[in-house]
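As stored in data.cif (mmCIF, C-alpha atoms and all ligand atoms):
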```cif
data_data
loop_
_atom_site.label_atom_id
_atom_site.label_comp_id
_atom_site.auth_asym_id
_atom_site.auth_seq_id
_atom_site.Cartn_x
_atom_site.Cartn_y
_atom_site.Cartn_z
CA LYS I 210 8.22 18.93 -14.14
CA SER I 211 4.79 20.46 -13.64
CA TRP I 212 1.85 18.64 -12.18
CA THR I 213 -1.70 18.71 -13.46
CA ALA I 214 -4.83 19.38 -11.39
CA GLU I 215 -5.48 15.67 -11.70
CA ASP I 216 -2.10 14.86 -10.16
CA GLU I 217 -2.85 17.29 -7.31
CA ALA I 218 -6.10 15.47 -6.60
CA ILE I 219 -4.25 12.15 -6.58
CA ILE I 220 -1.61 13.54 -4.24
CA ALA I 221 -4.39 14.67 -1.89
CA THR I 222 -5.65 11.08 -1.52
CA ASN I 223 -2.68 10.45 0.74
CA MET I 224 -4.08 12.85 3.36
CA ASP I 225 -7.42 11.08 3.13
CA ALA I 226 -5.89 7.68 3.73
CA THR I 227 -3.69 8.95 6.55
CA GLU I 228 -6.60 10.68 8.29
CA CYS I 229 -8.78 7.59 8.02
CA LYS I 230 -5.99 5.46 9.48
CA ARG I 231 -5.38 7.89 12.30
CA CYS I 232 -9.08 7.96 13.13
CA ALA I 233 -9.30 4.15 13.25
CA VAL I 234 -6.14 3.92 15.35
CA GLU I 235 -7.54 6.45 17.85
CA LEU I 236 -10.68 4.37 18.14
CA GLY I 237 -8.61 1.29 18.96
CA TYR I 238 -8.96 -0.68 15.71
CA TRP I 239 -5.23 -1.37 15.57
CA LYS I 240 -2.04 -0.04 17.09
CA ASP I 241 0.21 2.43 15.30
CA ASP I 242 2.51 4.58 17.43
CA TYR I 243 3.62 6.66 14.45
CA ILE I 244 0.59 7.65 12.40
CA SER I 245 -0.19 10.68 14.59
CA TYR I 246 3.18 12.23 13.69
CA PHE I 247 2.07 12.44 10.08
CA VAL I 248 -1.36 13.96 10.52
CA ARG I 249 -2.26 16.22 13.40
CA HIS I 250 -5.99 15.79 13.42
CA ALA I 251 -8.56 13.45 11.98
CA ASP I 252 -12.33 13.89 12.06
CA ARG I 253 -14.26 10.85 13.14
CA LYS I 254 -15.15 8.63 10.20
CA ALA I 255 -18.19 6.37 9.80
CA PRO I 256 -17.94 2.90 11.38
CA GLU I 257 -18.06 1.20 7.94
CA ILE I 258 -15.04 3.20 6.85
CA ASN I 259 -13.10 2.33 10.00
CA ARG I 260 -14.00 -1.33 9.64
CA GLY I 261 -12.91 -1.26 5.99
CA TYR I 262 -9.54 0.25 6.88
CA TYR I 263 -9.09 -2.32 9.61
CA ALA I 264 -9.53 -5.21 7.17
CA ARG I 265 -7.19 -3.54 4.69
CA VAL I 266 -4.41 -2.96 7.22
CA LYS I 267 -4.89 -6.37 8.81
CA ALA I 268 -4.73 -8.16 5.44
CA MET I 269 -1.54 -6.31 4.55
CA GLU I 270 -0.04 -7.22 7.92
CA MET I 271 -1.01 -10.85 7.61
CA PHE I 272 0.66 -11.25 4.20
CA ILE I 273 3.72 -9.21 5.14
CA HIS I 274 4.15 -11.65 7.99
CA GLN I 275 3.77 -14.65 5.66
CA PHE I 276 6.37 -13.18 3.33
CA LEU I 277 8.88 -12.59 6.13
CA GLU I 278 8.21 -16.04 7.56
CA ARG I 279 9.26 -17.53 4.25
CA CYS I 280 12.37 -15.52 3.49
CA GLY I 281 13.51 -13.99 6.77
CA THR I 282 14.64 -10.39 7.07
CA LYS I 283 17.35 -10.63 4.37
CA CYS I 284 15.00 -9.09 1.88
CA GLN I 285 13.66 -5.80 0.66
CA ILE I 286 10.30 -4.09 0.82
CA ILE I 287 9.30 -1.74 -1.96
CA ASN I 288 6.33 0.42 -1.04
CA LEU I 289 4.74 1.84 -4.21
CA GLY I 290 2.77 5.05 -3.64
CA CYS I 291 3.72 4.83 0.02
CA GLY I 292 2.02 8.06 1.09
CA TYR I 293 2.55 8.51 4.84
CA ASP I 294 2.52 4.77 5.52
CA THR I 295 4.25 3.93 8.82
CA LEU I 296 5.09 0.29 8.10
CA TYR I 297 8.86 0.89 8.21
CA TRP I 298 8.68 2.13 11.81
CA ARG I 299 6.19 -0.49 12.92
CA LEU I 300 8.46 -3.26 11.62
CA LYS I 301 11.47 -1.65 13.31
CA ASP I 302 9.72 -2.19 16.64
CA THR I 303 9.44 -5.92 15.98
CA THR I 304 12.06 -8.57 15.28
CA GLN I 305 11.11 -8.33 11.63
CA ALA I 306 12.91 -5.17 10.50
CA VAL I 307 14.03 -5.88 6.96
CA GLY I 308 17.39 -5.34 5.26
CA ASN I 309 16.25 -2.63 2.90
CA PHE I 310 13.05 -0.59 2.75
CA ILE I 311 12.33 1.58 -0.29
CA GLU I 312 9.41 3.99 -0.48
CA LEU I 313 8.26 5.67 -3.69
CA ASP I 314 5.67 8.38 -4.20
CA PHE I 315 5.27 11.67 -6.05
CA PRO I 316 8.02 14.11 -5.01
CA ALA I 317 5.31 16.38 -3.53
CA VAL I 318 4.48 13.59 -1.07
CA THR I 319 7.98 12.29 -0.35
CA ALA I 320 9.29 15.83 0.25
CA LYS I 321 6.65 16.40 2.92
CA LYS I 322 7.21 12.97 4.44
CA CYS I 323 10.93 13.68 4.50
CA HIS I 324 10.30 17.02 6.23
CA ILE I 325 8.13 15.38 8.90
CA ILE I 326 10.72 12.67 9.52
CA LYS I 327 13.58 15.14 9.80
CA ARG I 328 12.02 17.13 12.59
CA ASN I 329 10.71 14.20 14.59
CA LYS I 330 13.12 12.43 16.91
CA GLN I 331 11.05 9.26 17.26
CA LEU I 332 10.89 8.83 13.51
CA LEU I 333 14.42 9.92 12.82
CA GLN I 334 16.14 7.73 15.38
CA LYS I 335 14.76 4.59 13.74
CA ILE I 336 16.22 5.62 10.40
CA SER I 337 19.67 6.94 11.01
CA ASN I 338 22.70 4.71 11.29
CA GLU I 339 24.97 4.64 14.34
CA ASP I 340 26.41 8.06 13.59
CA GLY I 341 22.90 9.46 13.26
CA GLU I 342 23.47 10.02 9.57
CA VAL I 343 20.75 10.49 7.05
CA MET I 344 21.53 11.90 3.68
CA ILE I 345 19.20 14.09 1.67
CA ARG I 346 20.18 14.14 -1.98
CA SER I 347 18.08 15.98 -4.57
CA GLY I 348 15.04 15.80 -2.32
CA ASP I 349 15.39 12.06 -1.64
CA LEU I 350 16.23 10.63 1.75
CA HIS I 351 18.86 7.90 1.94
CA SER I 352 20.07 6.02 4.99
CA ASP I 353 21.22 2.51 5.86
CA GLY I 354 18.22 0.40 5.05
CA TYR I 355 15.65 3.13 4.40
CA HIS I 356 15.18 5.14 1.21
CA LEU I 357 12.37 7.61 0.55
CA LEU I 358 12.35 8.57 -3.12
CA GLY I 359 10.30 10.97 -5.20
CA CYS I 360 9.15 9.25 -8.36
CA ASP I 361 6.32 9.17 -10.86
CA LEU I 362 5.24 5.54 -11.06
CA ARG I 363 3.90 6.17 -14.58
CA CYS I 364 7.43 6.65 -15.80
CA LEU I 365 9.29 3.33 -15.90
CA ALA I 366 12.70 4.84 -16.60
CA GLU I 367 12.36 6.89 -13.43
CA VAL I 368 11.16 3.91 -11.40
CA ARG I 369 14.19 1.93 -12.58
CA ARG I 370 16.58 4.73 -11.75
CA LYS I 371 15.10 5.33 -8.30
CA LEU I 372 15.05 1.65 -7.40
CA ALA I 373 18.72 1.45 -8.32
CA ALA I 374 19.45 4.57 -6.22
CA GLY I 375 17.61 2.91 -3.32
CA GLY I 376 19.81 -0.16 -3.59
CA ALA I 377 17.13 -2.56 -4.82
CA SER I 378 18.69 -5.90 -5.72
CA ALA I 379 17.46 -8.66 -8.00
CA ALA I 380 19.36 -11.14 -5.82
CA LEU I 381 17.16 -10.58 -2.76
CA PRO I 382 13.51 -11.49 -2.26
CA ALA I 383 11.29 -8.45 -2.74
CA LEU I 384 7.95 -7.62 -1.21
CA LEU I 385 6.08 -5.18 -3.44
CA LEU I 386 3.27 -3.20 -1.85
CA ALA I 387 0.56 -1.36 -3.79
CA GLU I 388 -2.09 -0.26 -1.32
CA CYS I 389 -4.72 1.84 -3.07
CA VAL I 390 -2.20 3.18 -5.57
CA LEU I 391 -2.48 1.53 -8.98
CA VAL I 392 -6.06 2.72 -9.20
CA TYR I 393 -4.56 6.14 -9.98
CA LEU I 394 -2.61 4.86 -12.99
CA ARG I 395 -3.92 4.22 -16.46
CA PRO I 396 -4.34 0.47 -17.00
CA ASP I 397 -1.45 0.40 -19.49
CA ALA I 398 0.87 2.25 -17.09
CA ALA I 399 -0.11 0.01 -14.18
CA ASP I 400 0.44 -3.08 -16.32
CA ALA I 401 3.83 -1.86 -17.53
CA LEU I 402 4.91 -1.16 -13.96
CA LEU I 403 3.83 -4.56 -12.68
CA GLN I 404 5.37 -6.33 -15.64
CA HIS I 405 8.64 -4.54 -15.07
CA LEU I 406 8.69 -5.39 -11.37
CA ALA I 407 7.75 -9.03 -11.94
CA GLY I 408 10.58 -9.25 -14.46
CA ALA I 409 13.10 -7.51 -12.21
CA PHE I 410 12.63 -9.70 -9.12
CA PRO I 411 12.84 -13.49 -9.63
CA ARG I 412 11.71 -13.99 -6.02
CA CYS I 413 8.95 -11.60 -5.10
CA ALA I 414 5.46 -11.18 -3.76
CA LEU I 415 3.12 -8.37 -4.70
CA LEU I 416 0.34 -7.32 -2.33
CA LEU I 417 -2.26 -5.35 -4.22
CA TYR I 418 -5.29 -3.67 -2.72
CA GLU I 419 -7.79 -1.71 -4.75
CA GLN I 420 -11.37 -1.41 -5.94
CA CYS I 421 -12.90 -4.19 -8.03
CA ASN I 422 -16.28 -5.33 -9.38
CA LEU I 423 -17.22 -1.74 -10.23
CA GLY I 424 -19.48 -2.86 -13.08
CA ASP I 425 -22.75 -2.70 -11.10
CA THR I 426 -24.87 0.23 -9.88
CA PHE I 427 -23.01 0.59 -6.59
CA GLY I 428 -19.73 0.32 -8.48
CA GLU I 429 -20.72 3.05 -10.93
CA VAL I 430 -21.22 5.43 -7.99
CA MET I 431 -17.79 4.49 -6.66
CA LEU I 432 -16.29 5.09 -10.11
CA ARG I 433 -17.88 8.53 -10.27
CA ASN I 434 -16.46 9.40 -6.84
CA LEU I 435 -13.06 8.20 -7.92
CA SER I 436 -13.13 10.30 -11.07
CA ALA I 437 -14.11 13.32 -9.01
CA ARG I 438 -10.84 12.74 -7.16
CA GLY I 439 -8.75 12.66 -10.28
CA CYS I 440 -8.97 9.00 -11.00
CA VAL I 441 -10.65 8.83 -14.37
CA LEU I 442 -8.43 6.38 -16.10
CA ALA I 443 -8.43 3.04 -14.43
CA GLY I 444 -12.12 2.34 -15.08
CA GLU I 445 -11.89 -0.78 -17.19
CA ARG I 446 -9.57 -2.59 -14.84
CA LEU I 447 -11.65 -1.72 -11.81
CA ARG I 448 -14.66 -3.43 -13.31
CA MET I 449 -12.78 -6.74 -13.13
CA ARG I 450 -13.83 -9.48 -10.78
CA PRO I 451 -11.16 -11.03 -8.55
CA ALA I 452 -10.88 -14.06 -10.85
CA ALA I 453 -10.08 -11.81 -13.82
CA LEU I 454 -7.55 -9.96 -11.69
CA VAL I 455 -5.73 -13.24 -11.12
CA GLU I 456 -5.51 -13.84 -14.87
CA ARG I 457 -4.20 -10.34 -15.43
CA LEU I 458 -1.47 -10.72 -12.80
CA ARG I 459 -0.35 -14.01 -14.29
CA ALA I 460 -0.26 -12.52 -17.76
CA LEU I 461 2.04 -9.79 -16.44
CA GLY I 462 4.70 -12.28 -15.41
CA PHE I 463 3.79 -13.49 -11.93
CA GLU I 464 3.83 -17.27 -11.59
CA ALA I 465 1.04 -17.59 -9.07
CA ALA I 466 -1.75 -15.22 -8.11
CA ARG I 467 -4.78 -15.20 -5.85
CA ALA I 468 -7.41 -12.56 -5.26
CA TRP I 469 -10.37 -12.19 -2.93
CA ASP I 470 -12.94 -9.56 -2.31
CA MET I 471 -12.72 -7.97 1.12
CA GLN I 472 -15.76 -9.83 2.38
CA ALA I 473 -13.79 -13.05 1.95
CA VAL I 474 -10.79 -11.44 3.63
CA TRP I 475 -12.94 -10.29 6.55
CA ARG I 476 -14.34 -13.80 7.04
CA ALA I 477 -10.82 -15.25 7.02
CA LEU I 478 -9.56 -13.02 9.82
CA PRO I 479 -9.17 -14.72 13.21
CA GLU I 480 -12.48 -14.85 15.03
CA ASP I 481 -11.08 -13.13 18.12
CA ASP I 482 -9.94 -10.15 16.07
CA ARG I 483 -13.28 -9.84 14.36
CA ALA I 484 -15.18 -10.05 17.64
CA ARG I 485 -12.96 -7.42 19.24
CA VAL I 486 -13.38 -5.03 16.33
CA GLU I 487 -17.12 -5.61 16.07
CA ALA I 488 -17.47 -4.54 19.69
CA LEU I 489 -15.72 -1.20 19.10
CA GLU I 490 -18.53 0.60 17.31
CA MET I 491 -22.17 0.00 16.52
CA LEU I 492 -22.70 -0.59 12.85
CA ASP I 493 -26.00 0.73 11.52
CA GLU I 494 -25.23 0.25 7.86
CA ARG I 495 -24.51 -3.44 7.56
CA GLU I 496 -25.65 -3.47 3.96
CA LEU I 497 -23.33 -0.58 3.09
CA LEU I 498 -20.35 -2.36 4.62
CA LEU I 499 -21.16 -5.50 2.66
CA GLN I 500 -21.37 -3.43 -0.54
CA LEU I 501 -18.06 -1.76 0.17
CA ASN I 502 -16.41 -5.07 1.02
CA THR I 503 -17.50 -6.70 -2.20
CA HIS I 504 -16.14 -3.76 -4.20
CA TYR I 505 -12.57 -3.97 -2.95
CA ALA I 506 -10.11 -6.74 -3.71
CA PHE I 507 -6.93 -7.96 -2.13
CA SER I 508 -4.54 -9.83 -4.42
CA VAL I 509 -1.28 -11.64 -3.89
CA ALA I 510 0.95 -12.39 -6.87
CA THR I 511 4.26 -14.18 -6.55
CA ARG I 512 7.34 -15.40 -8.34
CA GLY I 513 9.55 -18.07 -6.85
CA ASP I 514 8.61 -21.36 -5.22
CA ILE I 515 9.01 -20.19 -1.63
CA PHE I 516 6.12 -17.76 -2.00
CA ALA I 517 3.81 -19.91 -4.11
CA ASP I 518 1.77 -21.08 -1.12
CA MET I 519 1.01 -17.65 0.34
CA ASP I 520 -2.71 -17.75 0.94
CA LEU I 521 -5.55 -16.27 2.93
CA ASN I 522 -5.68 -19.28 5.21
CA ALA I 523 -2.02 -20.29 5.18
N1 LIG I 601 -0.30 3.44 0.12
C1 LIG I 601 -0.66 4.47 1.07
C2 LIG I 601 -1.71 3.96 2.01
O1 LIG I 601 -2.40 3.00 1.69
O2 LIG I 601 -1.85 4.55 3.10
C3 LIG I 601 -1.18 5.73 0.36
C4 LIG I 601 -2.43 5.54 -0.44
S1 LIG I 601 -3.02 7.03 -1.21
C5 LIG I 601 -4.71 6.61 -1.43
C6 LIG I 601 -2.37 6.89 -2.87
C7 LIG I 601 -0.92 7.29 -2.98
O3 LIG I 601 -0.42 6.91 -4.26
C8 LIG I 601 -0.71 8.79 -2.83
O4 LIG I 601 0.29 9.05 -1.88
C9 LIG I 601 -0.30 9.21 -4.24
O5 LIG I 601 0.55 10.33 -4.25
C10 LIG I 601 0.39 7.96 -4.75
N2 LIG I 601 0.43 7.89 -6.21
C11 LIG I 601 -0.61 7.82 -7.07
N3 LIG I 601 -0.19 7.85 -8.35
C12 LIG I 601 1.17 7.94 -8.30
C13 LIG I 601 2.19 8.02 -9.29
N4 LIG I 601 1.91 8.04 -10.59
N5 LIG I 601 3.47 8.11 -8.88
C14 LIG I 601 3.78 8.11 -7.57
N6 LIG I 601 2.86 8.05 -6.59
C15 LIG I 601 1.57 7.96 -6.94
#
```
Could you write out this file's structure as structure tokens?
Ligand code: SAM
Amino acid sequence: KSWTAEDEAIIATNMDATECKRCAVELGYWKDDYISYFVRHADRKAPEINRGYYARVKAMEMFIHQFLERCGTKCQIINLGCGYDTLYWRLKDTTQAVGNFIELDFPAVTAKKCHIIKRNKQLLQKISNEDGEVMIRSGDLHSDGYHLLGCDLRCLAEVRRKLAAGGASAALPALLLAECVLVYLRPDAADALLQHLAGAFPRCALLLYEQCNLGDTFGEVMLRNLSARGCVLAGERLRMRPAALVERLRALGFEAARAWDMQAVWRALPEDDRARVEALEMLDERELLLQLNTHYAFSVATRGDIFADMDLNA
């Protein structure tokens, strides 16, 4: 399969995200012992960017915790457009390592991630089973409880096939992660993917993070930047307000859904955390941060009663 220039630009967004995360970690925003293995160097980013990433990572963490609290570790995590995300290793260091962890991204990304993992002892030792076995089969990495699979999320047949190869099971609760990923899919492809996943997992929770409210002047500038990076297709959906996002998720087969802009998420974070982070860097551009925060949304969509009460303030 050949990739278009647009795909290449989308693939490159992974390096962006990883560098931003590494920068924020180095500045003390949160702890991640693994991110530096995936990107050697990161230029310093603006304080608003670091603060934005902090809220994004913190919100993910908070809801991952709520999910695991409700179903325990006999479950699976499916990380859509995983990039170089280090969640698998971070969870391994806690008591919350899950039964099965499946990561999907373009083969160009998973092949590189696989390469980095293979030559790094710290990463590798948390993946291999007792005999130190990991298996690489047609570019995909398989081991007990961790699968890294090359896949185009726009192609449902492939997603189905890869999930099966990764041992995904309809019988287990599933946590579906889409952190800044669906924005790179056409609305119809993103909808089809979500609808398929909601249908496939009777007990699941989706954590979705992406731009929203892009209908105003600030949003139009963000849309233009996104299209310069290959994302020209998701426009209509990204103009939605969080309330409309909730409706969309319910229409796709989730039983309950909630969505907030990131300003609401920021305000809901524990006061101690906010105070600590606010002391890390001077923020000149308060207005800019507010604009950014109101143009990103975090949504949670669930199926199954045990997850119905997952909430920002739960
Ligand atoms: N989720 C990671 C994070 O938040 O750090 C990475 C985010 S990065 C901005 C977007 C990722 O989505 C990239 O790794 C990109 O390759 C992946 N992606 C976008 N469209 C995709 C598609 N159609 N199939 C597979 N992966 C895709």
Once you count only C-alpha atoms and all ligand atoms, what closest atom pair and distance in Å to one decimal does each residue of chain I within 8 Å of ligand LIG 601 (chain I) have, with rows by chain and rising residue number, as CSV?
```
residue,atom,partner,partner_atom,distance
I:Asp216,CA,I:LIG601,N3,7.5
I:Ile219,CA,I:LIG601,C9,5.5
I:Ile220,CA,I:LIG601,O5,3.9
I:Ala221,CA,I:LIG601,O5,7.0
I:Thr222,CA,I:LIG601,C5,4.6
I:Asn223,CA,I:LIG601,S1,4.0
I:Met224,CA,I:LIG601,S1,7.5
I:Asp225,CA,I:LIG601,C5,6.9
I:Ala226,CA,I:LIG601,O2,5.1
I:Thr227,CA,I:LIG601,O2,5.9
I:Lys230,CA,I:LIG601,O2,7.7
I:Asn288,CA,I:LIG601,N1,7.4
I:Leu289,CA,I:LIG601,N1,6.8
I:Gly290,CA,I:LIG601,O3,3.7
I:Cys291,CA,I:LIG601,N1,4.3
I:Gly292,CA,I:LIG601,O4,3.6
I:Tyr293,CA,I:LIG601,O2,6.2
I:Asp294,CA,I:LIG601,O2,5.0
I:Leu313,CA,I:LIG601,C14,6.4
I:Asp314,CA,I:LIG601,N6,3.7
I:Phe315,CA,I:LIG601,C14,4.1
I:Pro316,CA,I:LIG601,C14,7.8
I:Ala317,CA,I:LIG601,O5,7.7
I:Val318,CA,I:LIG601,O5,6.0
I:Gly359,CA,I:LIG601,C14,7.5
I:Cys360,CA,I:LIG601,C14,5.5
I:Asp361,CA,I:LIG601,N5,3.6
I:Leu362,CA,I:LIG601,N5,3.8
I:Arg363,CA,I:LIG601,N4,4.8
I:Cys364,CA,I:LIG601,N4,7.7
I:Leu386,CA,I:LIG601,N1,7.8
I:Ala387,CA,I:LIG601,N1,6.3
I:Glu388,CA,I:LIG601,N1,4.4
I:Cys389,CA,I:LIG601,C5,5.0
I:Val390,CA,I:LIG601,O3,4.3
I:Leu391,CA,I:LIG601,N3,6.8
I:Val392,CA,I:LIG601,C11,7.8
I:Tyr393,CA,I:LIG601,N3,5.0
I:Leu394,CA,I:LIG601,N4,6.0
```
Contacts of I:Asp514 within 10 Å, only C-alpha atoms, excl. fewer than 4 positions in-chain, as a PDB file with C-alpha atoms, in the coordinates of the input:
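That gives us part.pdb:
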```
ATOM      1  CA  PRO I 411      12.840 -13.490  -9.630  1.00  0.00           C
ATOM      2  CA  ARG I 412      11.710 -13.990  -6.020  1.00  0.00           C
ATOM      3  CA  CYS I 413       8.950 -11.600  -5.100  1.00  0.00           C
ATOM      4  CA  GLU I 464       3.830 -17.270 -11.590  1.00  0.00           C
ATOM      5  CA  ALA I 465       1.040 -17.590  -9.070  1.00  0.00           C
ATOM      6  CA  ASP I 518       1.770 -21.080  -1.120  1.00  0.00           C
TER       7      ASP I 518
END
```
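Distances from I:Leu497, I:Leu333, I:Pro479, I:Ala506 to I:Arg448 were compared using only C-alpha atoms, and the smallest one belongs to I:Ala506.
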task: Rank I:Met344, I:Leu423, I:Leu406, I:Leu357 by their smallest atom-to-atom distance to I:Arg450, using all atoms listed in the file, and report the top residue only.
output: I:Leu423
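Taking atom CA of I:Arg395 as the reference point, atom CA of I:Ser436 is found at 12.3 Å.
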Pick from I:Ala264, I:Val248, I:Ala255, I:Leu385 nearest to I:Arg483, counting only C-alpha atoms: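 The answer is I:Ala264, which sits nearest to I:Arg483.
In this model, the gap between atom CA of I:Ala523 and atom CA of I:Glu480 comes to 15.4 Å.
If all atoms listed in the file are the atoms counted, then among I:Ile258, I:Leu498, I:Ala477, I:Val368 the closest residue to I:Tyr238 is I:Ile258.
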task: May I ask for the distance between atom CA of I:Asn259 and atom CA of I:Lys335, given in Å to one decimal place?
output: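 If I compute the distance from atom CA of I:Asn259 to atom CA of I:Lys335, I get 28.2 Å.
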message: Using all atoms listed in the file - which residues lie no farther than 12 Å from the point (-10.3, -12.9, 0.8) in the file's frame? Write them as a PyMOL selection string.
response: chain I and resi 264-265+267-269+271-272+418+451-452+467-478+502-509+520-523
query: With distances taken over all atoms listed in the file, which of I:Glu367, I:Glu419, I:Glu278, I:Asp242 is nearest to I:Leu332?
result: I:Asp242
message: Please list as a PyMOL selection string every residue within 12 Å of I:Arg279, counting all atoms listed in the file and excluding residues in the same chain fewer than 3 positions away.
response: chain I and resi 272-276+282-284+305+382-384+412-414+513-519+523
- request: For I:Ala488, work out the shell of residues within 12 Å, counting all atoms listed in the file and skipping chain neighbours fewer than 5 positions away, then give it as a VMD selection string.
  value: chain I and resid 236 to 238 256 260 481 to 483
Enclosing box along x, y and z for every listed atom of stretch 374-388 of chain I, padded 6 Å each side, centre and size in Å, one decimal, as lines of an AutoDock Vina configuration file:
```
center_x = 8.9
center_y = -3.5
center_z = -4.6
size_x = 33.9
size_y = 28.1
size_z = 18.8
```
query: Pick the closest to I:Ala407 from I:Ala379, I:Leu501, I:Leu300, I:Ala218: which is it, counting all atoms listed in the file?
result: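 The closest residue to I:Ala407 is I:Ala379.
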